[in-house]
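The next block is input.txt, given as compact mmCIF, C-alpha atoms and all ligand atoms.
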# COMPACT_ATOMS: atom_id res chain seq x y z
CA MET Q 1 -10.59 -10.06 -16.20
CA LEU Q 2 -9.22 -9.07 -12.80
CA VAL Q 3 -11.40 -7.73 -9.98
CA LEU Q 4 -9.88 -5.55 -7.27
CA TYR Q 5 -11.78 -5.53 -3.99
CA PHE Q 6 -10.97 -2.26 -2.32
CA ALA Q 7 -12.13 0.37 0.15
CA GLN Q 8 -11.60 4.04 -0.46
CA GLY Q 9 -8.48 5.61 0.99
CA THR Q 10 -7.08 2.34 2.34
CA SER Q 11 -3.87 0.47 1.57
CA ALA Q 12 -5.73 -0.98 -1.42
CA LEU Q 13 -4.53 2.21 -3.11
CA ALA Q 14 -1.17 0.55 -3.73
CA SER Q 15 -2.57 -2.37 -5.71
CA HIS Q 16 -5.06 -0.09 -7.42
CA ILE Q 17 -2.31 2.29 -8.57
CA LEU Q 18 -0.28 -0.54 -10.05
CA LEU Q 19 -3.27 -2.01 -11.91
CA GLU Q 20 -3.87 1.39 -13.44
CA GLU Q 21 -0.17 1.96 -14.18
CA VAL Q 22 0.16 -1.28 -16.16
CA GLY Q 23 -3.10 -0.70 -18.03
CA ALA Q 24 -4.58 -3.93 -16.66
CA ASN Q 25 -7.95 -5.20 -17.78
CA TYR Q 26 -9.70 -4.98 -14.43
CA THR Q 27 -12.81 -3.83 -12.63
CA VAL Q 28 -13.23 -2.75 -9.04
CA GLN Q 29 -15.62 -3.88 -6.38
CA GLU Q 30 -15.95 -1.56 -3.41
CA VAL Q 31 -16.02 -3.15 0.03
CA PRO Q 32 -16.95 -0.33 2.43
CA ILE Q 33 -15.08 -1.42 5.54
CA SER Q 34 -16.54 1.51 7.49
CA LYS Q 35 -19.92 -0.24 7.14
CA GLY Q 36 -18.47 -3.63 8.03
CA ALA Q 37 -18.86 -5.01 4.49
CA HIS Q 38 -15.52 -6.81 4.83
CA ARG Q 39 -17.00 -8.97 7.60
CA GLU Q 40 -19.99 -10.11 5.60
CA LYS Q 41 -20.21 -13.71 4.43
CA THR Q 42 -19.98 -12.83 0.76
CA TYR Q 43 -16.68 -11.01 1.22
CA LEU Q 44 -15.28 -13.54 3.70
CA ALA Q 45 -15.73 -16.11 0.93
CA ILE Q 46 -13.29 -14.01 -1.11
CA ASN Q 47 -10.90 -13.03 1.68
CA PRO Q 48 -11.36 -14.90 4.95
CA LYS Q 49 -8.91 -12.43 6.53
CA ALA Q 50 -11.59 -9.72 6.23
CA ARG Q 51 -9.17 -7.19 4.78
CA VAL Q 52 -8.76 -5.25 1.59
CA PRO Q 53 -7.26 -5.36 -0.95
CA ALA Q 54 -8.00 -8.69 -2.58
CA LEU Q 55 -7.54 -9.43 -6.26
CA MET Q 56 -9.69 -11.97 -8.07
CA THR Q 57 -7.72 -13.50 -10.92
CA PRO Q 58 -8.64 -16.24 -13.41
CA GLU Q 59 -6.70 -18.64 -11.17
CA GLY Q 60 -8.16 -17.56 -7.82
CA VAL Q 61 -7.88 -14.82 -5.22
CA ILE Q 62 -4.64 -13.12 -4.17
CA THR Q 63 -4.45 -11.15 -0.93
CA GLU Q 64 -1.69 -9.00 0.62
CA ASN Q 65 -0.40 -5.97 -1.23
CA PRO Q 66 3.12 -7.33 -1.84
CA ALA Q 67 1.73 -10.48 -3.48
CA ILE Q 68 -0.79 -8.54 -5.56
CA LEU Q 69 1.88 -6.09 -6.66
CA ASN Q 70 4.19 -8.92 -7.71
CA TYR Q 71 1.40 -10.70 -9.58
CA VAL Q 72 0.26 -7.57 -11.43
CA ALA Q 73 3.83 -6.61 -12.32
CA ALA Q 74 4.78 -10.13 -13.43
CA THR Q 75 1.66 -10.62 -15.56
CA HIS Q 76 2.21 -7.32 -17.37
CA PRO Q 77 5.89 -7.60 -18.34
CA GLU Q 78 5.46 -5.03 -21.11
CA ALA Q 79 4.91 -2.38 -18.41
CA GLY Q 80 8.40 -3.02 -16.98
CA MET Q 81 7.34 -2.79 -13.34
CA LEU Q 82 9.80 -5.40 -12.03
CA PRO Q 83 13.45 -4.45 -11.60
CA ASP Q 84 15.82 -6.09 -14.10
CA THR Q 85 18.10 -8.20 -11.91
CA HIS Q 86 17.37 -10.83 -9.27
CA PHE Q 87 19.15 -8.68 -6.71
CA ALA Q 88 17.17 -5.54 -7.54
CA ARG Q 89 13.94 -7.55 -7.42
CA ALA Q 90 14.88 -8.82 -3.99
CA GLU Q 91 15.55 -5.26 -2.89
CA ALA Q 92 12.12 -4.20 -4.13
CA ASP Q 93 10.55 -7.20 -2.37
CA ALA Q 94 12.36 -6.23 0.82
CA LEU Q 95 10.95 -2.71 0.67
CA ASN Q 96 7.45 -4.04 -0.04
CA ALA Q 97 7.74 -6.49 2.85
CA TYR Q 98 8.88 -3.70 5.15
CA LEU Q 99 5.95 -1.50 4.10
CA CYS Q 100 3.51 -4.36 4.67
CA ALA Q 101 4.80 -5.97 7.82
CA THR Q 102 6.34 -3.05 9.68
CA VAL Q 103 5.22 0.36 8.43
CA HIS Q 104 1.57 -0.50 7.81
CA VAL Q 105 1.40 -2.42 11.08
CA ALA Q 106 2.95 0.53 12.94
CA TYR Q 107 0.24 2.74 11.46
CA ALA Q 108 -2.51 0.23 12.25
CA HIS Q 109 -1.80 0.69 15.95
CA LYS Q 110 -3.51 4.08 15.64
CA LEU Q 111 -6.99 2.81 14.80
CA ARG Q 112 -6.73 -0.95 15.13
CA GLY Q 113 -5.03 -1.32 18.50
CA ALA Q 114 -7.85 -3.65 19.56
CA ARG Q 115 -6.13 -6.32 17.47
CA TRP Q 116 -3.37 -6.44 20.06
CA ALA Q 117 -4.89 -5.38 23.39
CA ASP Q 118 -8.21 -4.82 25.17
CA ASP Q 119 -6.90 -2.83 28.09
CA GLU Q 120 -7.60 0.92 27.72
CA ALA Q 121 -4.22 1.97 29.10
CA ALA Q 122 -2.40 -0.44 26.78
CA LEU Q 123 -4.39 0.87 23.81
CA ALA Q 124 -3.56 4.46 24.73
CA ALA Q 125 0.11 3.58 25.15
CA MET Q 126 0.17 1.93 21.72
CA GLN Q 127 -1.51 4.89 20.10
CA ALA Q 128 0.89 7.31 21.72
CA LYS Q 129 3.83 5.45 20.16
CA VAL Q 130 2.46 5.56 16.61
CA PRO Q 131 3.91 8.93 15.51
CA SER Q 132 7.43 8.16 16.77
CA ASN Q 133 7.35 4.65 15.29
CA LEU Q 134 6.24 6.01 11.92
CA ALA Q 135 8.82 8.79 12.10
CA ASP Q 136 11.51 6.10 12.60
CA CYS Q 137 10.19 4.09 9.65
CA ALA Q 138 10.09 7.17 7.41
CA ALA Q 139 13.63 8.14 8.39
CA LEU Q 140 14.90 4.63 7.55
CA ILE Q 141 13.18 4.68 4.16
CA GLU Q 142 14.43 8.18 3.46
CA THR Q 143 18.02 7.37 4.41
CA HIS Q 144 18.45 3.81 3.16
CA TYR Q 145 15.70 2.50 0.91
CA LEU Q 146 14.35 5.23 -1.36
CA LYS Q 147 17.08 5.45 -3.99
CA GLY Q 148 15.42 8.33 -5.82
CA PRO Q 149 13.80 9.60 -7.77
CA TRP Q 150 11.83 6.33 -7.71
CA ALA Q 151 12.05 3.72 -5.00
CA MET Q 152 14.52 1.55 -6.91
CA GLY Q 153 16.32 4.38 -8.70
CA ASP Q 154 15.73 5.67 -12.19
CA SER Q 155 12.99 3.20 -13.15
CA PHE Q 156 9.47 3.23 -11.79
CA SER Q 157 8.58 -0.14 -10.25
CA HIS Q 158 5.82 -1.83 -8.28
CA SER Q 159 7.43 -0.58 -5.05
CA ASP Q 160 6.56 2.99 -6.01
CA ALA Q 161 2.86 2.16 -5.92
CA TYR Q 162 3.29 0.91 -2.37
CA LEU Q 163 5.57 3.76 -1.25
CA ALA Q 164 2.76 6.17 -2.17
CA LEU Q 165 0.98 5.11 1.03
CA VAL Q 166 3.70 6.43 3.33
CA PRO Q 167 2.84 10.17 2.99
CA ARG Q 168 -0.78 9.34 3.79
CA TRP Q 169 0.18 7.39 6.90
CA LEU Q 170 2.54 10.16 8.03
CA SER Q 171 -0.03 12.90 7.56
CA ALA Q 172 -2.73 10.86 9.35
CA VAL Q 173 -0.58 10.91 12.50
CA GLY Q 174 0.43 14.56 12.17
CA LEU Q 175 3.96 14.07 10.81
CA ASP Q 176 5.21 16.66 8.36
CA LEU Q 177 6.25 15.08 5.06
CA ASP Q 178 8.70 17.94 4.49
CA ARG Q 179 10.92 16.41 7.16
CA TYR Q 180 11.70 13.75 4.54
CA PRO Q 181 12.72 15.53 1.32
CA LYS Q 182 13.12 12.37 -0.79
CA LEU Q 183 9.75 11.01 0.30
CA ALA Q 184 8.17 14.42 -0.34
CA ALA Q 185 9.68 14.58 -3.84
CA HIS Q 186 8.54 11.02 -4.52
CA TRP Q 187 4.97 11.82 -3.51
CA GLU Q 188 5.00 14.96 -5.64
CA ALA Q 189 6.20 12.96 -8.64
CA MET Q 190 3.61 10.26 -7.99
CA GLN Q 191 0.80 12.79 -8.02
CA LYS Q 192 1.85 13.96 -11.48
CA ARG Q 193 1.31 10.52 -12.99
CA PRO Q 194 -2.02 10.24 -14.79
CA ALA Q 195 -2.62 6.70 -13.52
CA VAL Q 196 -2.13 7.85 -9.94
CA GLN Q 197 -4.45 10.81 -10.49
CA ARG Q 198 -7.19 8.49 -11.78
CA VAL Q 199 -6.86 6.20 -8.78
CA LEU Q 200 -6.80 9.03 -6.24
CA ALA Q 201 -9.99 10.38 -7.83
CA ALA Q 202 -11.61 6.94 -7.64
CA HIS Q 203 -10.81 6.92 -3.92
CA GLY Q 204 -12.30 10.38 -3.48
CA LEU Q 205 -8.87 11.87 -2.70
N1 LIG O 1 -1.20 -6.91 5.03
C1 LIG O 1 -2.40 -6.54 4.34
C2 LIG O 1 -3.12 -5.49 5.17
C3 LIG O 1 -4.51 -5.24 4.68
C4 LIG O 1 -5.26 -4.37 5.65
O1 LIG O 1 -5.02 -4.38 6.87
N2 LIG O 1 -6.22 -3.62 5.10
C5 LIG O 1 -7.02 -2.76 5.92
C6 LIG O 1 -7.34 -1.46 5.18
S1 LIG O 1 -5.89 -0.49 4.99
C7 LIG O 1 -8.33 -3.45 6.26
O2 LIG O 1 -8.88 -4.15 5.44
N3 LIG O 1 -8.81 -3.23 7.48
C8 LIG O 1 -10.05 -3.77 7.91
C9 LIG O 1 -10.02 -4.15 9.37
O3 LIG O 1 -8.94 -4.06 9.98
O4 LIG O 1 -11.05 -4.52 9.89
C10 LIG O 1 -2.06 -6.03 2.95
O5 LIG O 1 -1.00 -5.46 2.75
O6 LIG O 1 -2.85 -6.22 2.01
Mind turning the file's structure into structure tokens?
Amino acid sequence: MLVLYFAQGTSALASHILLEEVGANYTVQEVPISKGAHREKTYLAINPKARVPALMTPEGVITENPAILNYVAATHPEAGMLPDTHFARAEADALNAYLCATVHVAYAHKLRGARWADDEAALAAMQAKVPSNLADCAALIETHYLKGPWAMGDSFSHSDAYLALVPRWLSAVGLDLDRYPKLAAHWEAMQKRPAVQRVLAAHGL
């Protein structure tokens, strides 16, 4: 049995969507980060990084969306969530790494600037850059990395679960998703999937 530690409306959505898509045998454990639950001793014993998501597996805990997505996809081969060739898998990994290390981090500067600076002016400067940074990221994805209709082309893969976060990040900083027709179509298609609908409902969205 897998246990997903998550907080509503966070990037844990990506891992949650994939668990639901593959029909995994899992339960969820909510970690309300708004109440600081991720900094409590019990959760730090699960993820010392004090972040969600984390996935408890029979072999131990996995953190970081890209790693969780790979694990869930690889352990449910019947769901066909990993691209067929080594090259296509590397492309999917590259997109997931970009979403994790660049796009999510660019978004985090909106609310979590204190990770990088204490100075009020520096914080304000970082926040002011968030919309243009995210607009650049979205344009790159739109132009180069979203093959369409799904991230990797005709087949749905684990990258689609992660890509579903981008419209949320854009809208949170006031960027219009319609500026990116392929991303908008992807999000529309995602919302039609029953697994995605169940997860959005579980996150109160
Ligand atoms: N690179 C991590 C990022 C995880 C992350 O930053 N999660 C946020 C929620 S979206 C969090 O737990 N924030 C709590 C905090 O910053 O205190 C991943 O992809 O799993």
For this session: With all atoms listed in the file counted, collect every polymer residue having an atom within 6 Å of ligand LIG 1 (chain O); state the result as a ChimeraX atom specification.
Result: /Q:10-11,51-53,63-65,100
Could the residues in this selection be saved with C-alpha atoms as a compact mmCIF listing (two decimals), in the coordinates of the input?
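out-v3.txt, freshly written:
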# COMPACT_ATOMS: atom_id res chain seq x y z
CA THR Q 10 -7.08 2.34 2.34
CA SER Q 11 -3.87 0.47 1.57
CA ARG Q 51 -9.17 -7.19 4.78
CA VAL Q 52 -8.76 -5.25 1.59
CA PRO Q 53 -7.26 -5.36 -0.95
CA THR Q 63 -4.45 -11.15 -0.93
CA GLU Q 64 -1.69 -9.00 0.62
CA ASN Q 65 -0.40 -5.97 -1.23
CA CYS Q 100 3.51 -4.36 4.67
For this session: Identify, on the basis of all atoms listed in the file, every residue whose closest approach to Q:Ser132 does not exceed 12 Å; exclude the query and any residue fewer than 5 positions from it along the same chain; express the result as an MDAnalysis selection string.
Result: chainID Q and resid 103 106:107 109:110 126:127 137:139 170 173:175
For this session: Rounded to one decimal place, report the atom CA of Q:Ala73-atom CA of Q:Ser157 distance in Å.
Result: 8.3 Å
Exercise. How far is it from atom CA of Q:Trp116 to atom CA of Q:Leu69, in Å with one decimal?
Worked result: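 Taking atom CA of Q:Trp116 and atom CA of Q:Leu69, their separation equals 27.2 Å.
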For this session: Enter the distance from atom CA of Q:Met81 to atom CA of Q:His203, in Å, rounded to one decimal.
Result: 22.6 Å
For this session: Give the answer as one residue: which of Q:Gly36, Q:Gly113, Q:Pro77, Q:Pro66 has the shortest atom-to-atom distance to Q:Tyr98, using all atoms listed in the file?
Result: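 Under the stated criterion, the closest residue is Q:Pro66.
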Exercise. Which residue gives the smallest distance to Q:Val3 among Q:Val22, Q:Ile17, Q:Val61, Q:Ala121, with all atoms listed in the file counted?
Worked result: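 Using all atoms listed in the file, Q:Val3 sits closest to Q:Val61.
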Exercise. Which residues come within 12 Å of Q:Ala74, counting only C-alpha atoms, excluding same-chain residues fewer than 2 positions away, as a PyMOL selection string?
Worked result: chain Q and resi 18-19+22+24+67-72+76-84+89+157-158
Exercise. Pick from Q:Ala94, Q:Ser15, Q:Glu21, Q:Ile33: nearest to Q:Pro194, with all atoms listed in the file counted?
Worked result: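 Smallest separation from Q:Pro194 among the options: Q:Glu21.
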Problem set entry | Which residue of Q:Thr75, Q:Thr102, Q:Gln197, Q:Gln8 approaches Q:Val28 most closely, using all atoms listed in the file |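 Residue with the minimum atom-to-atom distance to Q:Val28: Q:Gln8.
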Exercise. Smallest atom-to-atom distance to Q:Ile141: which of Q:Leu55, Q:Ala202, Q:Leu183, Q:Ala12, using all atoms listed in the file?
Worked result: Q:Leu183
Quick one: 4 Å padding each side, axis-aligned, all listed atoms of stretch 199-202 of chain Q - centre and edge lengths in Å to one decimal, as JSON?
{"center_x": -9.2, "center_y": 8.3, "center_z": -7.5, "size_x": 12.8, "size_y": 12.2, "size_z": 10.5}
Exercise. When distances are computed from all atoms listed in the file, which of Q:Val105, Q:Pro149, Q:Ser159, Q:Ala185 shows the smallest separation from Q:Ala90?
Worked result: Q:Ser159
Got a minute to add N, CA, C and O atoms to stretch 129-152 of chain Q and dump it as a PDB file, in the coordinates of the input?
ATOM      1  N   LYS Q 129       2.548   5.797  20.800  1.00  0.00           N
ATOM      2  CA  LYS Q 129       3.830   5.450  20.160  1.00  0.00           C
ATOM      3  C   LYS Q 129       3.776   5.531  18.632  1.00  0.00           C
ATOM      4  O   LYS Q 129       4.810   5.474  17.970  1.00  0.00           O
ATOM      5  N   VAL Q 130       2.578   5.644  18.076  1.00  0.00           N
ATOM      6  CA  VAL Q 130       2.460   5.560  16.610  1.00  0.00           C
ATOM      7  C   VAL Q 130       3.270   6.644  15.886  1.00  0.00           C
ATOM      8  O   VAL Q 130       4.034   6.324  14.968  1.00  0.00           O
ATOM      9  N   PRO Q 131       3.145   7.929  16.266  1.00  0.00           N
ATOM     10  CA  PRO Q 131       3.910   8.930  15.510  1.00  0.00           C
ATOM     11  C   PRO Q 131       5.419   8.688  15.551  1.00  0.00           C
ATOM     12  O   PRO Q 131       6.092   8.780  14.523  1.00  0.00           O
ATOM     13  N   SER Q 132       5.965   8.341  16.719  1.00  0.00           N
ATOM     14  CA  SER Q 132       7.430   8.160  16.770  1.00  0.00           C
ATOM     15  C   SER Q 132       7.840   6.899  16.009  1.00  0.00           C
ATOM     16  O   SER Q 132       8.881   6.873  15.341  1.00  0.00           O
ATOM     17  N   ASN Q 133       7.017   5.855  16.069  1.00  0.00           N
ATOM     18  CA  ASN Q 133       7.350   4.650  15.290  1.00  0.00           C
ATOM     19  C   ASN Q 133       7.349   4.953  13.792  1.00  0.00           C
ATOM     20  O   ASN Q 133       8.235   4.522  13.054  1.00  0.00           O
ATOM     21  N   LEU Q 134       6.319   5.696  13.353  1.00  0.00           N
ATOM     22  CA  LEU Q 134       6.240   6.010  11.920  1.00  0.00           C
ATOM     23  C   LEU Q 134       7.356   6.968  11.510  1.00  0.00           C
ATOM     24  O   LEU Q 134       7.876   6.873  10.393  1.00  0.00           O
ATOM     25  N   ALA Q 135       7.705   7.881  12.406  1.00  0.00           N
ATOM     26  CA  ALA Q 135       8.820   8.790  12.100  1.00  0.00           C
ATOM     27  C   ALA Q 135      10.110   7.980  11.913  1.00  0.00           C
ATOM     28  O   ALA Q 135      10.899   8.245  10.997  1.00  0.00           O
ATOM     29  N   ASP Q 136      10.323   6.960  12.750  1.00  0.00           N
ATOM     30  CA  ASP Q 136      11.510   6.100  12.600  1.00  0.00           C
ATOM     31  C   ASP Q 136      11.479   5.362  11.267  1.00  0.00           C
ATOM     32  O   ASP Q 136      12.491   5.265  10.575  1.00  0.00           O
ATOM     33  N   CYS Q 137      10.310   4.827  10.924  1.00  0.00           N
ATOM     34  CA  CYS Q 137      10.190   4.090   9.650  1.00  0.00           C
ATOM     35  C   CYS Q 137      10.482   5.020   8.475  1.00  0.00           C
ATOM     36  O   CYS Q 137      11.213   4.659   7.544  1.00  0.00           O
ATOM     37  N   ALA Q 138       9.897   6.226   8.512  1.00  0.00           N
ATOM     38  CA  ALA Q 138      10.090   7.170   7.410  1.00  0.00           C
ATOM     39  C   ALA Q 138      11.559   7.561   7.283  1.00  0.00           C
ATOM     40  O   ALA Q 138      12.100   7.669   6.181  1.00  0.00           O
ATOM     41  N   ALA Q 139      12.211   7.751   8.425  1.00  0.00           N
ATOM     42  CA  ALA Q 139      13.630   8.140   8.390  1.00  0.00           C
ATOM     43  C   ALA Q 139      14.479   7.015   7.785  1.00  0.00           C
ATOM     44  O   ALA Q 139      15.401   7.262   6.999  1.00  0.00           O
ATOM     45  N   LEU Q 140      14.158   5.773   8.131  1.00  0.00           N
ATOM     46  CA  LEU Q 140      14.900   4.630   7.550  1.00  0.00           C
ATOM     47  C   LEU Q 140      14.706   4.567   6.047  1.00  0.00           C
ATOM     48  O   LEU Q 140      15.660   4.368   5.289  1.00  0.00           O
ATOM     49  N   ILE Q 141      13.459   4.733   5.612  1.00  0.00           N
ATOM     50  CA  ILE Q 141      13.180   4.680   4.160  1.00  0.00           C
ATOM     51  C   ILE Q 141      13.923   5.810   3.469  1.00  0.00           C
ATOM     52  O   ILE Q 141      14.585   5.606   2.447  1.00  0.00           O
ATOM     53  N   GLU Q 142      13.795   6.992   4.046  1.00  0.00           N
ATOM     54  CA  GLU Q 142      14.430   8.180   3.460  1.00  0.00           C
ATOM     55  C   GLU Q 142      15.951   7.992   3.325  1.00  0.00           C
ATOM     56  O   GLU Q 142      16.544   8.321   2.309  1.00  0.00           O
ATOM     57  N   THR Q 143      16.560   7.459   4.373  1.00  0.00           N
ATOM     58  CA  THR Q 143      18.020   7.370   4.410  1.00  0.00           C
ATOM     59  C   THR Q 143      18.567   6.169   3.638  1.00  0.00           C
ATOM     60  O   THR Q 143      19.611   6.259   3.003  1.00  0.00           O
ATOM     61  N   HIS Q 144      17.844   5.040   3.692  1.00  0.00           N
ATOM     62  CA  HIS Q 144      18.450   3.810   3.160  1.00  0.00           C
ATOM     63  C   HIS Q 144      17.728   3.167   1.982  1.00  0.00           C
ATOM     64  O   HIS Q 144      18.347   2.423   1.229  1.00  0.00           O
ATOM     65  N   TYR Q 145      16.431   3.372   1.856  1.00  0.00           N
ATOM     66  CA  TYR Q 145      15.700   2.500   0.910  1.00  0.00           C
ATOM     67  C   TYR Q 145      15.068   3.208  -0.272  1.00  0.00           C
ATOM     68  O   TYR Q 145      14.695   2.547  -1.228  1.00  0.00           O
ATOM     69  N   LEU Q 146      14.898   4.508  -0.205  1.00  0.00           N
ATOM     70  CA  LEU Q 146      14.350   5.230  -1.360  1.00  0.00           C
ATOM     71  C   LEU Q 146      15.551   5.747  -2.146  1.00  0.00           C
ATOM     72  O   LEU Q 146      16.190   6.704  -1.740  1.00  0.00           O
ATOM     73  N   LYS Q 147      15.853   5.072  -3.258  1.00  0.00           N
ATOM     74  CA  LYS Q 147      17.080   5.450  -3.990  1.00  0.00           C
ATOM     75  C   LYS Q 147      16.903   6.799  -4.665  1.00  0.00           C
ATOM     76  O   LYS Q 147      17.826   7.580  -4.763  1.00  0.00           O
ATOM     77  N   GLY Q 148      15.726   7.071  -5.170  1.00  0.00           N
ATOM     78  CA  GLY Q 148      15.420   8.330  -5.820  1.00  0.00           C
ATOM     79  C   GLY Q 148      15.789   8.335  -7.289  1.00  0.00           C
ATOM     80  O   GLY Q 148      16.810   7.749  -7.668  1.00  0.00           O
ATOM     81  N   PRO Q 149      15.056   8.978  -8.156  1.00  0.00           N
ATOM     82  CA  PRO Q 149      13.800   9.600  -7.770  1.00  0.00           C
ATOM     83  C   PRO Q 149      12.709   8.584  -7.431  1.00  0.00           C
ATOM     84  O   PRO Q 149      11.835   8.831  -6.631  1.00  0.00           O
ATOM     85  N   TRP Q 150      12.807   7.380  -8.050  1.00  0.00           N
ATOM     86  CA  TRP Q 150      11.830   6.330  -7.710  1.00  0.00           C
ATOM     87  C   TRP Q 150      12.431   5.410  -6.661  1.00  0.00           C
ATOM     88  O   TRP Q 150      13.639   5.482  -6.377  1.00  0.00           O
ATOM     89  N   ALA Q 151      11.603   4.562  -6.112  1.00  0.00           N
ATOM     90  CA  ALA Q 151      12.050   3.720  -5.000  1.00  0.00           C
ATOM     91  C   ALA Q 151      13.329   2.967  -5.336  1.00  0.00           C
ATOM     92  O   ALA Q 151      14.276   2.935  -4.551  1.00  0.00           O
ATOM     93  N   MET Q 152      13.377   2.382  -6.529  1.00  0.00           N
ATOM     94  CA  MET Q 152      14.520   1.550  -6.910  1.00  0.00           C
ATOM     95  C   MET Q 152      15.521   2.302  -7.777  1.00  0.00           C
ATOM     96  O   MET Q 152      16.403   1.701  -8.368  1.00  0.00           O
TER      97      MET Q 152
END
